[in-house]
file coords.cif (mmCIF, C-alpha atoms)
data_start
#
loop_
_atom_site.label_atom_id
_atom_site.label_comp_id
_atom_site.auth_asym_id
_atom_site.auth_seq_id
_atom_site.Cartn_x
_atom_site.Cartn_y
_atom_site.Cartn_z
CA MET A 22 -100.24 -28.78 25.49
CA THR A 23 -98.35 -30.22 28.43
CA ALA A 24 -97.57 -33.38 26.50
CA ARG A 25 -96.26 -31.25 23.61
CA ILE A 26 -93.96 -29.31 25.96
CA VAL A 27 -92.71 -32.55 27.50
CA GLY A 28 -92.08 -33.92 24.03
CA VAL A 29 -90.10 -30.86 22.98
CA ALA A 30 -88.14 -30.94 26.22
CA GLY A 31 -87.38 -34.60 25.67
CA ALA A 32 -86.14 -33.89 22.17
CA VAL A 33 -83.87 -31.14 23.48
CA VAL A 34 -82.44 -33.50 26.09
CA LEU A 35 -81.80 -36.09 23.40
CA LEU A 36 -80.05 -33.51 21.23
CA ILE A 37 -77.88 -32.39 24.13
CA ALA A 38 -77.05 -35.97 24.99
CA ALA A 39 -76.19 -36.67 21.36
CA ALA A 40 -73.96 -33.60 21.23
CA VAL A 41 -72.18 -34.61 24.42
CA GLY A 42 -71.79 -38.16 23.17
CA TYR A 43 -70.40 -36.94 19.85
CA GLY A 44 -68.02 -34.66 21.72
CA LEU A 45 -66.75 -37.57 23.78
CA TYR A 46 -66.48 -39.73 20.67
CA SER A 47 -64.55 -37.00 18.87
CA ARG A 48 -62.31 -36.47 21.87
CA ASP A 49 -61.54 -40.18 22.02
CA ARG A 50 -60.60 -40.13 18.36
CA GLY A 51 -58.60 -36.92 18.72
CA PRO A 52 -59.46 -33.46 17.35
CA ALA A 53 -60.86 -33.12 13.86
CA VAL A 54 -58.34 -32.81 11.06
CA ASN A 55 -56.94 -29.26 10.76
CA SER A 56 -58.41 -28.37 14.18
CA VAL A 57 -55.09 -27.69 15.87
CA ALA A 58 -53.69 -25.15 18.30
CA VAL A 59 -51.05 -22.98 16.66
CA VAL A 60 -48.75 -20.35 18.11
CA THR A 61 -47.32 -18.26 15.27
CA GLY A 62 -44.33 -15.98 15.02
CA GLN A 63 -42.26 -18.02 17.45
CA PRO A 64 -38.46 -18.35 17.24
CA VAL A 65 -37.47 -21.89 16.31
CA SER A 66 -34.00 -23.37 16.74
CA VAL A 67 -33.20 -26.69 15.10
CA GLN A 68 -30.49 -27.27 17.71
CA ALA A 69 -32.90 -27.40 20.64
CA LYS A 70 -33.08 -31.02 21.78
CA GLY A 71 -36.22 -32.97 22.53
CA GLN A 72 -38.36 -31.48 19.78
CA LEU A 73 -40.20 -32.84 16.78
CA LEU A 74 -39.90 -30.61 13.71
CA PHE A 75 -42.31 -30.93 10.81
CA ARG A 76 -44.13 -29.21 7.98
CA ASN A 77 -47.43 -27.74 9.16
CA THR A 78 -50.34 -28.76 6.90
CA ALA A 79 -53.19 -27.38 9.03
CA GLU A 80 -55.40 -25.14 6.90
CA GLY A 81 -54.74 -21.44 7.32
CA PRO A 82 -52.07 -18.80 6.69
CA ASP A 83 -49.37 -21.00 8.23
CA PHE A 84 -49.93 -23.91 5.84
CA GLY A 85 -46.59 -25.29 4.66
CA HIS A 86 -44.56 -23.52 7.34
CA LEU A 87 -42.03 -25.18 9.62
CA ALA A 88 -43.51 -26.10 12.99
CA THR A 89 -42.35 -27.81 16.17
CA VAL A 90 -43.73 -29.51 19.28
CA PRO A 91 -42.02 -31.19 22.24
CA ALA A 92 -41.23 -34.77 21.21
CA ASP A 93 -42.56 -36.13 24.50
CA ARG A 94 -45.67 -33.91 24.40
CA PRO A 95 -46.69 -33.80 20.72
CA GLY A 96 -50.24 -32.76 21.60
CA GLU A 97 -49.13 -29.33 22.82
CA PRO A 98 -49.82 -26.24 20.66
CA ARG A 99 -47.34 -26.17 17.80
CA LYS A 100 -44.92 -23.30 17.35
CA VAL A 101 -44.90 -22.16 13.73
CA ALA A 102 -42.00 -20.30 12.15
CA GLY A 103 -42.06 -18.05 9.10
CA LEU A 104 -40.11 -20.52 6.95
CA SER A 105 -42.18 -22.24 4.27
CA CYS A 106 -40.98 -25.58 2.83
CA ASP A 107 -42.28 -28.52 0.84
CA ARG A 108 -39.72 -30.79 2.49
CA PHE A 109 -37.72 -30.13 5.63
CA ALA A 110 -34.87 -31.87 7.47
CA ALA A 111 -32.42 -30.98 10.23
CA SER A 112 -29.48 -32.42 12.14
CA ALA A 113 -26.61 -31.12 14.30
CA GLY A 114 -27.64 -27.48 13.94
CA THR A 115 -28.04 -27.55 10.14
CA ALA A 116 -31.41 -27.39 8.39
CA LEU A 117 -32.48 -28.11 4.82
CA CYS A 118 -35.57 -26.61 3.21
CA LEU A 119 -36.78 -27.71 -0.23
CA ALA A 120 -39.20 -25.14 -1.60
CA ALA A 121 -40.89 -25.38 -5.00
CA GLN A 122 -40.91 -22.09 -6.86
CA PRO A 123 -44.58 -21.16 -7.37
CA GLY A 124 -45.95 -20.71 -10.87
CA VAL A 125 -42.70 -21.60 -12.63
CA LEU A 126 -42.58 -23.85 -15.71
CA PRO A 127 -40.69 -26.05 -16.06
CA PRO A 128 -40.80 -26.67 -12.28
CA MET A 129 -37.88 -25.38 -10.23
CA THR A 130 -36.90 -25.95 -6.60
CA ASP A 131 -34.90 -23.83 -4.19
CA VAL A 132 -32.54 -25.97 -2.11
CA ILE A 133 -32.01 -23.80 0.97
CA VAL A 134 -29.43 -24.50 3.68
CA LEU A 135 -29.99 -22.79 7.05
CA ASP A 136 -28.20 -22.54 10.38
CA LYS A 137 -29.58 -23.54 13.78
CA ASP A 138 -31.67 -20.36 14.00
CA LEU A 139 -32.98 -20.73 10.44
CA ALA A 140 -30.77 -18.01 8.99
CA GLU A 141 -30.06 -18.79 5.34
CA LEU A 142 -26.52 -19.95 4.55
CA ARG A 143 -26.79 -20.98 0.92
CA ARG A 144 -29.43 -21.35 -1.78
CA VAL A 145 -29.22 -23.46 -4.94
CA GLU A 146 -31.81 -23.37 -7.71
CA LEU A 147 -32.38 -26.74 -9.41
CA PRO A 148 -34.90 -28.12 -11.92
CA GLY A 149 -37.65 -30.36 -10.56
CA THR A 150 -40.12 -30.61 -7.68
CA PRO A 151 -39.27 -31.60 -4.08
CA SER A 152 -39.42 -35.29 -3.17
CA ARG A 153 -36.96 -36.17 -0.35
CA GLY A 154 -34.47 -34.23 1.76
CA ARG A 155 -32.05 -35.08 4.57
CA VAL A 156 -29.06 -33.73 6.53
CA SER A 157 -26.13 -35.93 7.56
CA PRO A 158 -25.82 -36.79 11.28
CA ASP A 159 -22.89 -34.37 11.67
CA GLY A 160 -24.70 -31.55 9.84
CA LYS A 161 -21.93 -31.23 7.24
CA LEU A 162 -23.78 -32.65 4.23
CA VAL A 163 -27.24 -31.98 2.85
CA TYR A 164 -28.87 -34.11 0.16
CA TRP A 165 -32.12 -34.27 -1.71
CA THR A 166 -34.20 -35.94 -4.38
CA LEU A 167 -36.24 -34.01 -6.94
CA PHE A 168 -38.79 -35.26 -9.45
CA VAL A 169 -37.79 -34.21 -12.97
CA ASN A 170 -40.02 -34.38 -16.04
CA GLY A 171 -38.97 -35.18 -19.56
CA ASP A 172 -36.12 -37.70 -19.32
CA SER A 173 -36.51 -39.87 -22.41
CA TYR A 174 -35.80 -43.16 -20.63
CA ALA A 175 -38.50 -42.64 -17.97
CA GLU A 176 -41.48 -44.79 -18.89
CA THR A 177 -43.70 -43.00 -16.39
CA GLY A 178 -42.87 -39.57 -17.83
CA PHE A 179 -40.71 -38.48 -14.90
CA SER A 180 -37.50 -39.46 -13.18
CA THR A 181 -35.61 -38.44 -10.07
CA ARG A 182 -32.32 -36.65 -9.52
CA ALA A 183 -30.50 -36.97 -6.24
CA GLY A 184 -27.82 -34.48 -5.27
CA ILE A 185 -25.41 -33.70 -2.45
CA LEU A 186 -24.00 -30.40 -1.15
CA ASP A 187 -20.88 -30.66 1.00
CA LEU A 188 -20.89 -27.72 3.42
CA ARG A 189 -17.26 -28.35 4.39
CA THR A 190 -15.88 -27.83 0.89
CA GLY A 191 -18.78 -26.13 -0.89
CA ASN A 192 -18.77 -28.92 -3.47
CA LEU A 193 -22.14 -29.34 -5.18
CA MET A 194 -23.13 -32.60 -6.89
CA LYS A 195 -26.34 -31.78 -8.74
CA SER A 196 -26.78 -35.46 -9.56
CA ILE A 197 -25.07 -38.62 -8.28
CA GLU A 198 -25.95 -40.58 -11.45
CA GLU A 199 -22.40 -40.22 -12.75
CA MET A 200 -20.81 -42.23 -9.93
CA GLY A 201 -19.66 -45.78 -10.55
CA LEU A 202 -22.15 -48.59 -9.94
CA LEU A 203 -21.35 -52.25 -9.26
CA LEU A 204 -23.66 -55.26 -9.48
CA ASP A 205 -22.23 -58.55 -8.18
CA GLY A 206 -18.82 -56.88 -8.13
CA LYS A 207 -18.94 -55.92 -11.82
CA PRO A 208 -19.46 -52.46 -13.34
CA TYR A 209 -23.11 -51.90 -14.25
CA TYR A 210 -24.18 -49.55 -17.03
CA SER A 211 -27.70 -48.65 -18.13
CA SER A 212 -29.31 -45.48 -19.46
CA ASP A 213 -32.24 -45.87 -17.06
CA VAL A 214 -30.25 -45.81 -13.80
CA ASN A 215 -32.10 -43.57 -11.38
CA TYR A 216 -31.22 -42.68 -7.76
CA TRP A 217 -33.32 -41.39 -4.87
CA GLY A 218 -33.59 -41.35 -1.08
CA ILE A 219 -30.02 -40.73 0.13
CA THR A 220 -29.08 -41.40 3.78
CA PHE A 221 -25.58 -40.87 5.22
CA ALA A 222 -23.70 -42.81 7.90
CA PRO A 223 -22.41 -40.91 10.96
CA ASP A 224 -18.85 -40.90 9.58
CA GLY A 225 -19.90 -38.80 6.57
CA LYS A 226 -18.03 -41.14 4.22
CA ARG A 227 -20.58 -43.87 3.53
CA PHE A 228 -24.12 -43.40 2.31
CA TYR A 229 -27.03 -45.51 1.16
CA ALA A 230 -29.62 -44.80 -1.51
CA THR A 231 -32.14 -46.44 -3.81
CA VAL A 232 -31.25 -47.16 -7.40
CA GLY A 233 -33.92 -48.03 -9.93
CA THR A 234 -33.12 -49.86 -13.17
CA LYS A 235 -34.90 -52.31 -15.51
CA GLY A 236 -38.08 -52.11 -13.45
CA LYS A 237 -36.38 -53.12 -10.19
CA THR A 238 -35.16 -51.21 -7.15
CA TYR A 239 -32.01 -51.89 -5.13
CA LEU A 240 -30.36 -50.67 -1.98
CA VAL A 241 -26.90 -49.37 -2.77
CA GLU A 242 -24.02 -48.71 -0.38
CA ALA A 243 -21.76 -45.94 -1.65
CA ASP A 244 -18.32 -44.58 -0.84
CA TYR A 245 -18.66 -40.78 -0.86
CA GLU A 246 -14.93 -40.17 -1.33
CA LYS A 247 -14.48 -42.65 -4.20
CA LEU A 248 -17.98 -42.09 -5.64
CA VAL A 249 -18.57 -45.78 -6.21
CA ALA A 250 -21.77 -47.60 -5.21
CA ARG A 251 -22.59 -51.28 -5.05
CA MET A 252 -26.01 -52.89 -5.12
CA ILE A 253 -26.48 -54.94 -1.94
CA ARG A 254 -30.19 -55.82 -1.75
CA GLU A 255 -33.22 -55.84 -4.04
CA ASN A 256 -36.63 -54.30 -3.31
CA VAL A 257 -35.53 -51.47 -1.05
CA GLU A 258 -36.79 -47.90 -1.48
CA CYS A 259 -36.22 -44.66 0.43
CA PRO A 260 -33.69 -45.98 3.00
CA ALA A 261 -33.17 -44.22 6.34
CA LEU A 262 -30.16 -45.21 8.43
CA SER A 263 -30.70 -45.56 12.19
CA PRO A 264 -28.76 -43.25 14.55
CA ASP A 265 -26.48 -46.14 15.57
CA GLY A 266 -25.73 -46.86 11.89
CA LYS A 267 -26.72 -50.53 12.18
CA ARG A 268 -30.19 -50.69 10.63
CA ILE A 269 -32.07 -49.22 7.70
CA ALA A 270 -35.76 -48.42 7.66
CA PHE A 271 -37.26 -48.53 4.19
CA LYS A 272 -40.40 -49.11 2.19
CA LYS A 273 -40.68 -52.56 0.63
CA ARG A 274 -42.91 -53.41 -2.32
CA VAL A 275 -45.23 -56.17 -1.14
CA SER A 276 -48.10 -55.92 -3.64
CA ALA A 277 -48.84 -55.18 -7.28
CA ASP A 278 -51.88 -53.21 -6.16
CA PRO A 279 -51.10 -49.58 -7.11
CA ALA A 280 -53.30 -48.37 -4.26
CA ALA A 281 -51.29 -50.18 -1.56
CA PRO A 282 -47.93 -51.39 -2.87
CA TRP A 283 -45.59 -50.84 0.14
CA ARG A 284 -44.92 -51.84 3.74
CA LEU A 285 -42.43 -50.28 6.11
CA ALA A 286 -39.58 -52.60 7.09
CA VAL A 287 -36.24 -52.48 8.90
CA LEU A 288 -33.09 -54.21 7.68
CA ASP A 289 -30.28 -55.24 10.02
CA LEU A 290 -27.14 -54.55 7.98
CA ALA A 291 -24.92 -57.07 9.77
CA SER A 292 -27.21 -60.09 9.72
CA GLY A 293 -29.37 -59.24 6.71
CA GLN A 294 -32.49 -59.90 8.80
CA GLU A 295 -35.54 -58.01 7.61
CA THR A 296 -38.46 -57.09 9.87
CA LEU A 297 -41.85 -55.81 8.74
CA LEU A 298 -43.12 -53.08 11.07
CA ALA A 299 -46.53 -53.01 12.74
CA GLU A 300 -47.75 -50.24 10.44
CA THR A 301 -49.93 -52.06 7.90
CA ARG A 302 -50.88 -49.09 5.72
CA SER A 303 -48.98 -48.43 2.50
CA ILE A 304 -46.36 -45.78 3.33
CA ASP A 305 -44.94 -43.65 0.53
CA ASP A 306 -42.37 -41.71 2.54
CA GLN A 307 -38.73 -41.76 3.56
CA ALA A 308 -38.99 -42.63 7.24
CA ALA A 309 -37.20 -40.64 9.94
CA TRP A 310 -35.70 -42.21 13.07
CA LEU A 311 -36.77 -40.41 16.23
CA ASP A 312 -34.30 -42.54 18.19
CA ASP A 313 -32.78 -46.03 17.89
CA ARG A 314 -36.14 -47.61 18.76
CA THR A 315 -38.72 -45.54 16.90
CA VAL A 316 -39.47 -44.72 13.26
CA ALA A 317 -41.66 -41.79 12.19
CA TYR A 318 -43.32 -41.12 8.83
CA GLY A 319 -46.10 -39.18 7.17
CA VAL A 320 -49.41 -40.78 6.20
CA ASP A 321 -53.11 -39.86 6.21
CA SER A 322 -52.44 -36.15 6.81
CA GLY A 323 -50.41 -36.75 9.95
CA ILE A 324 -47.11 -37.89 11.44
CA TRP A 325 -47.15 -41.37 12.91
CA ALA A 326 -44.58 -43.45 14.76
CA VAL A 327 -44.04 -47.19 15.18
CA PRO A 328 -41.48 -49.33 17.06
CA ALA A 329 -38.52 -50.33 14.88
CA ASP A 330 -38.47 -53.95 16.09
CA GLY A 331 -41.85 -54.93 14.61
CA SER A 332 -43.68 -54.87 17.93
CA GLY A 333 -46.50 -52.63 19.15
CA SER A 334 -48.71 -50.60 16.87
CA ALA A 335 -48.69 -47.35 14.91
CA LYS A 336 -49.39 -44.19 16.94
CA LEU A 337 -50.48 -40.76 15.73
CA LEU A 338 -48.02 -38.13 16.96
CA VAL A 339 -49.10 -34.95 15.19
CA GLN A 340 -52.09 -34.41 12.93
CA SER A 341 -52.08 -32.09 9.92
CA ALA A 342 -48.32 -32.45 9.50
CA SER A 343 -45.70 -34.01 7.21
CA SER A 344 -41.92 -34.28 6.71
CA PRO A 345 -40.94 -35.20 10.30
CA ALA A 346 -37.48 -34.50 11.68
CA GLY A 347 -36.49 -35.41 15.23
CA VAL A 348 -33.84 -33.52 17.17
#
call {"tool": "encode", "arguments": {"input": "coords.cif", "output": "C-alpha cells"}}
result
Amino acid sequence: MTARIVGVAGAVVLLIAAAVGYGLYSRDRGPAVNSVAVVTGQPVSVQAKGQLLFRNTAEGPDFGHLATVPADRPGEPRKVAGLSCDRFAASAGTALCLAAQPGVLPPMTDVIVLDKDLAELRRVELPGTPSRGRVSPDGKLVYWTLFVNGDSYAETGFSTRAGILDLRTGNLMKSIEEMGLLLDGKPYYSSDVNYWGITFAPDGKRFYATVGTKGKTYLVEADYEKLVARMIRENVECPALSPDGKRIAFKKRVSADPAAPWRLAVLDLASGQETLLAETRSIDDQAAWLDDRTVAYGVDSGIWAVPADGSGSAKLLVQSASSPAGV
C-alpha cells in the first residue's frame, strides 16, 4: 500500500514537473498563438508617435480591428479600436482603411480615408478585394491595390487595379493603368499591363510601383504630375520606399517553387546595389519601414521585423497581427 502511495506521489511530481517545464518552454517561445492581452474600446490616434499600428487577428470579437502597441514595447497589451479593416495604413495624421464588403458578389471594397482620430473623411466604393494600401509620407495621398476577377487577359483568373486619391484636390484615379509607360525609353503598350504596390516619395510627386507584363515584373518610377512611368528594374514586387527616400524594400522572386517563391530584399536607388535580408522565409507582403534601419512585414500570423542592411535576424514583434504601420 505504501509503495502504491509513493508511486502515485511520484507520478504527480512528474506531472507537475512536466507542466512547469512545458510552461517554461512555452514562455521561452512566447505565448501561444491568439493568446494575447487586449484592451478594447480605447481611443487610438494615428498621429501619436512611437506606436506600431496593425490589424488585430487574435481570435475573438475584436478580430480584424485596428490595434496598437508601443513600438519599443510591442509585448504590452494591445489597444483595440472599433475600426475594422482588411488592410490598414497611416502617415502624418491620415489613415487608410480597406474593408471588403461582406457577402457582396461581385466583391466590393470600401476605401475609407480617416483623420488622426479615425473620424471618417471620405469613402469610395470600388470593385475587388483588398490587397495593398499605403498613405504618402505627407499624408496628402492615399493609394491601394485591389484584386479584381474577370479581366480577360489575366491567365490566373484575376488581376489587380491600383488607384490613387489626392486629398489636396479630391482627384480620384480608380486605376493608374492608363498612364504612359516607357521601356528602354520607348513607349510600351500591352493589353496585359498590370500595376500593384504603390509607394510615394516624400515630395508627393514621384512614386514607385510594380508593373506586370508578359510573365515578368518590373519596378517602375513614375511622375505623378505627368502620369508617365518608366521601367527601371526587373523582378521587383511590392516596393516600399524608405523614409529617407533612398532605398526600396521589395519581394524578389528567387525560386520557381510556388510554396516559397520570394525573398525580401532592399535596393539602393543610387548605386543599384541589391541586398537580400536575413529573413529567409517566403514573404508575400508589401513591407513597411519602421525607421531607416528596420523593415516590418506580416508572416506566419504575426508581424516581424528585420534589419534593412542584411545583418541580424528576423524578430517577432507582435503575434496574431498583420498589416503593420509604424508612426
call {"tool": "residues_around", "arguments": {"input": "coords.cif", "residues": "A:Asp83", "least_positions_apart": "2", "cutoff": "10 Å", "atoms": "all atoms listed in the file", "output": "ChimeraX atom specification"}}
result
/A:59-62,76-81,85-88,101-105
call {"tool": "closest_atom_pairs", "arguments": {"input": "coords.cif", "of": "stretch 129-244 of chain A", "to": "stretch 334-346 of chain A", "cutoff": "12 Å", "atoms": "all atoms listed in the file", "output": "JSON lines"}}
result
{"residue": "A:Pro151", "atom": "CA", "partner": "A:Ser344", "partner_atom": "CA", "distance": 11.4}
{"residue": "A:Ser152", "atom": "CA", "partner": "A:Ser344", "partner_atom": "CA", "distance": 10.2}
{"residue": "A:Arg153", "atom": "CA", "partner": "A:Ser344", "partner_atom": "CA", "distance": 8.8}
{"residue": "A:Gly154", "atom": "CA", "partner": "A:Ser344", "partner_atom": "CA", "distance": 8.9}
{"residue": "A:Arg155", "atom": "CA", "partner": "A:Ala346", "partner_atom": "CA", "distance": 9.0}
{"residue": "A:Val156", "atom": "CA", "partner": "A:Ala346", "partner_atom": "CA", "distance": 9.9}
{"residue": "A:Pro158", "atom": "CA", "partner": "A:Ala346", "partner_atom": "CA", "distance": 11.9}
call {"tool": "write_last_selection", "arguments": {"input": "coords.cif", "atoms": "C-alpha atoms", "output": "PDB file, in the coordinates of the input"}}
result
ATOM      1  CA  PRO A 151     -39.270 -31.600  -4.080  1.00  0.00           C
ATOM      2  CA  SER A 152     -39.420 -35.290  -3.170  1.00  0.00           C
ATOM      3  CA  ARG A 153     -36.960 -36.170  -0.350  1.00  0.00           C
ATOM      4  CA  GLY A 154     -34.470 -34.230   1.760  1.00  0.00           C
ATOM      5  CA  ARG A 155     -32.050 -35.080   4.570  1.00  0.00           C
ATOM      6  CA  VAL A 156     -29.060 -33.730   6.530  1.00  0.00           C
ATOM      7  CA  PRO A 158     -25.820 -36.790  11.280  1.00  0.00           C
TER       8      PRO A 158
END
call {"tool": "atom_distance", "arguments": {"input": "coords.cif", "atom1": "atom CA of A:Arg274", "atom2": "atom CA of A:Ala183"}}
result
21.0 Å
call {"tool": "resolve_selection", "arguments": {"input": "coords.cif", "expression": "the PyMOL selection byres ((chain A and resi 125-128) around 12)", "output": "compact mmCIF listing (two decimals) with C-alpha atoms, in the frame of the given file"}}
result
# COMPACT_ATOMS: atom_id res chain seq x y z
CA ALA A 120 -39.20 -25.14 -1.60
CA ALA A 121 -40.89 -25.38 -5.00
CA GLN A 122 -40.91 -22.09 -6.86
CA PRO A 123 -44.58 -21.16 -7.37
CA GLY A 124 -45.95 -20.71 -10.87
CA MET A 129 -37.88 -25.38 -10.23
CA THR A 130 -36.90 -25.95 -6.60
CA ASP A 131 -34.90 -23.83 -4.19
CA GLU A 146 -31.81 -23.37 -7.71
CA LEU A 147 -32.38 -26.74 -9.41
CA PRO A 148 -34.90 -28.12 -11.92
CA GLY A 149 -37.65 -30.36 -10.56
CA THR A 150 -40.12 -30.61 -7.68
CA PRO A 151 -39.27 -31.60 -4.08
CA LEU A 167 -36.24 -34.01 -6.94
CA PHE A 168 -38.79 -35.26 -9.45
CA VAL A 169 -37.79 -34.21 -12.97
CA ASN A 170 -40.02 -34.38 -16.04
CA GLY A 171 -38.97 -35.18 -19.56
call {"tool": "closest_residue", "arguments": {"input": "coords.cif", "among": "A:Ala69, A:Val134, A:Ile324, A:Ala281", "to": "A:Ala113", "atoms": "all atoms listed in the file"}}
result
A:Ala69
call {"tool": "resolve_selection", "arguments": {"input": "coords.cif", "expression": "the PyMOL selection byres ((chain A and resi 219) around 9)", "output": "list of chain:residue names"}}
result
A:Arg153, A:Gly154, A:Arg155, A:Tyr164, A:Trp165, A:Thr166, A:Ala183, A:Gly184, A:Ile185, A:Tyr216, A:Trp217, A:Gly218, A:Thr220, A:Phe221, A:Phe228, A:Tyr229, A:Ala230, A:Thr231, A:Cys259, A:Pro260, A:Ala261
call {"tool": "resolve_selection", "arguments": {"input": "coords.cif", "expression": "the PyMOL selection byres ((chain A and resi 138) around 8)", "output": "list in words"}}
result
Pro64, Val65, Ser66, Val67, Gln68, Leu135, Asp136, Lys137, Leu139 and Ala140 of chain A
call {"tool": "closest_residue", "arguments": {"input": "coords.cif", "among": "A:Trp325, A:Tyr239, A:Phe109, A:Trp283", "to": "A:Phe75", "atoms": "all atoms listed in the file"}}
result
A:Phe109
call {"tool": "closest_residue", "arguments": {"input": "coords.cif", "among": "A:Glu141, A:Asp213, A:Asp159, A:Asp224", "to": "A:Ala111", "atoms": "only C-alpha atoms"}}
result
A:Asp159
call {"tool": "closest_residue", "arguments": {"input": "coords.cif", "among": "A:Gly201, A:Arg144, A:Pro328, A:Met252", "to": "A:Leu311", "atoms": "only C-alpha atoms"}}
result
A:Pro328
call {"tool": "atom_distance", "arguments": {"input": "coords.cif", "atom1": "atom CA of A:Ala58", "atom2": "atom CA of A:Pro98"}}
result
4.7 Å
call {"tool": "residues_around", "arguments": {"input": "coords.cif", "residues": "A:Leu248", "least_positions_apart": "3", "cutoff": "12 Å", "atoms": "all atoms listed in the file", "output": "VMD selection string"}}
result
chain A and resid 185 194 196 to 203 226 to 229 241 to 245 251
call {"tool": "atom_distance", "arguments": {"input": "coords.cif", "atom1": "atom CA of A:Gln72", "atom2": "atom CA of A:Leu285"}}
result
23.6 Å
call {"tool": "closest_residue", "arguments": {"input": "coords.cif", "among": "A:Asp312, A:Arg268, A:Asn215, A:Asp93", "to": "A:Ala291", "atoms": "only C-alpha atoms"}}
result
A:Arg268
call {"tool": "residues_near_point", "arguments": {"input": "coords.cif", "point": "(-36.5, -28.2, 0.5)", "cutoff": "6 Å", "atoms": "all atoms listed in the file", "output": "list in words"}}
result
Cys106, Asp107, Arg108, Phe109, Leu117, Cys118, Leu119, Ala120 and Val132 of chain A
call {"tool": "closest_residue", "arguments": {"input": "coords.cif", "among": "A:Ala92, A:Gly347, A:Lys273, A:Asp289", "to": "A:Asp306", "atoms": "all atoms listed in the file"}}
result
A:Lys273
call {"tool": "residues_around", "arguments": {"input": "coords.cif", "residues": "A:Thr89", "least_positions_apart": "3", "cutoff": "6 Å", "atoms": "only C-alpha atoms", "output": "PyMOL selection string"}}
result
chain A and resi 73-74+99-100
call {"tool": "residues_around", "arguments": {"input": "coords.cif", "residues": "A:Leu162", "least_positions_apart": "4", "cutoff": "6 Å", "atoms": "all atoms listed in the file", "output": "PyMOL selection string"}}
result
chain A and resi 156-157+186-188
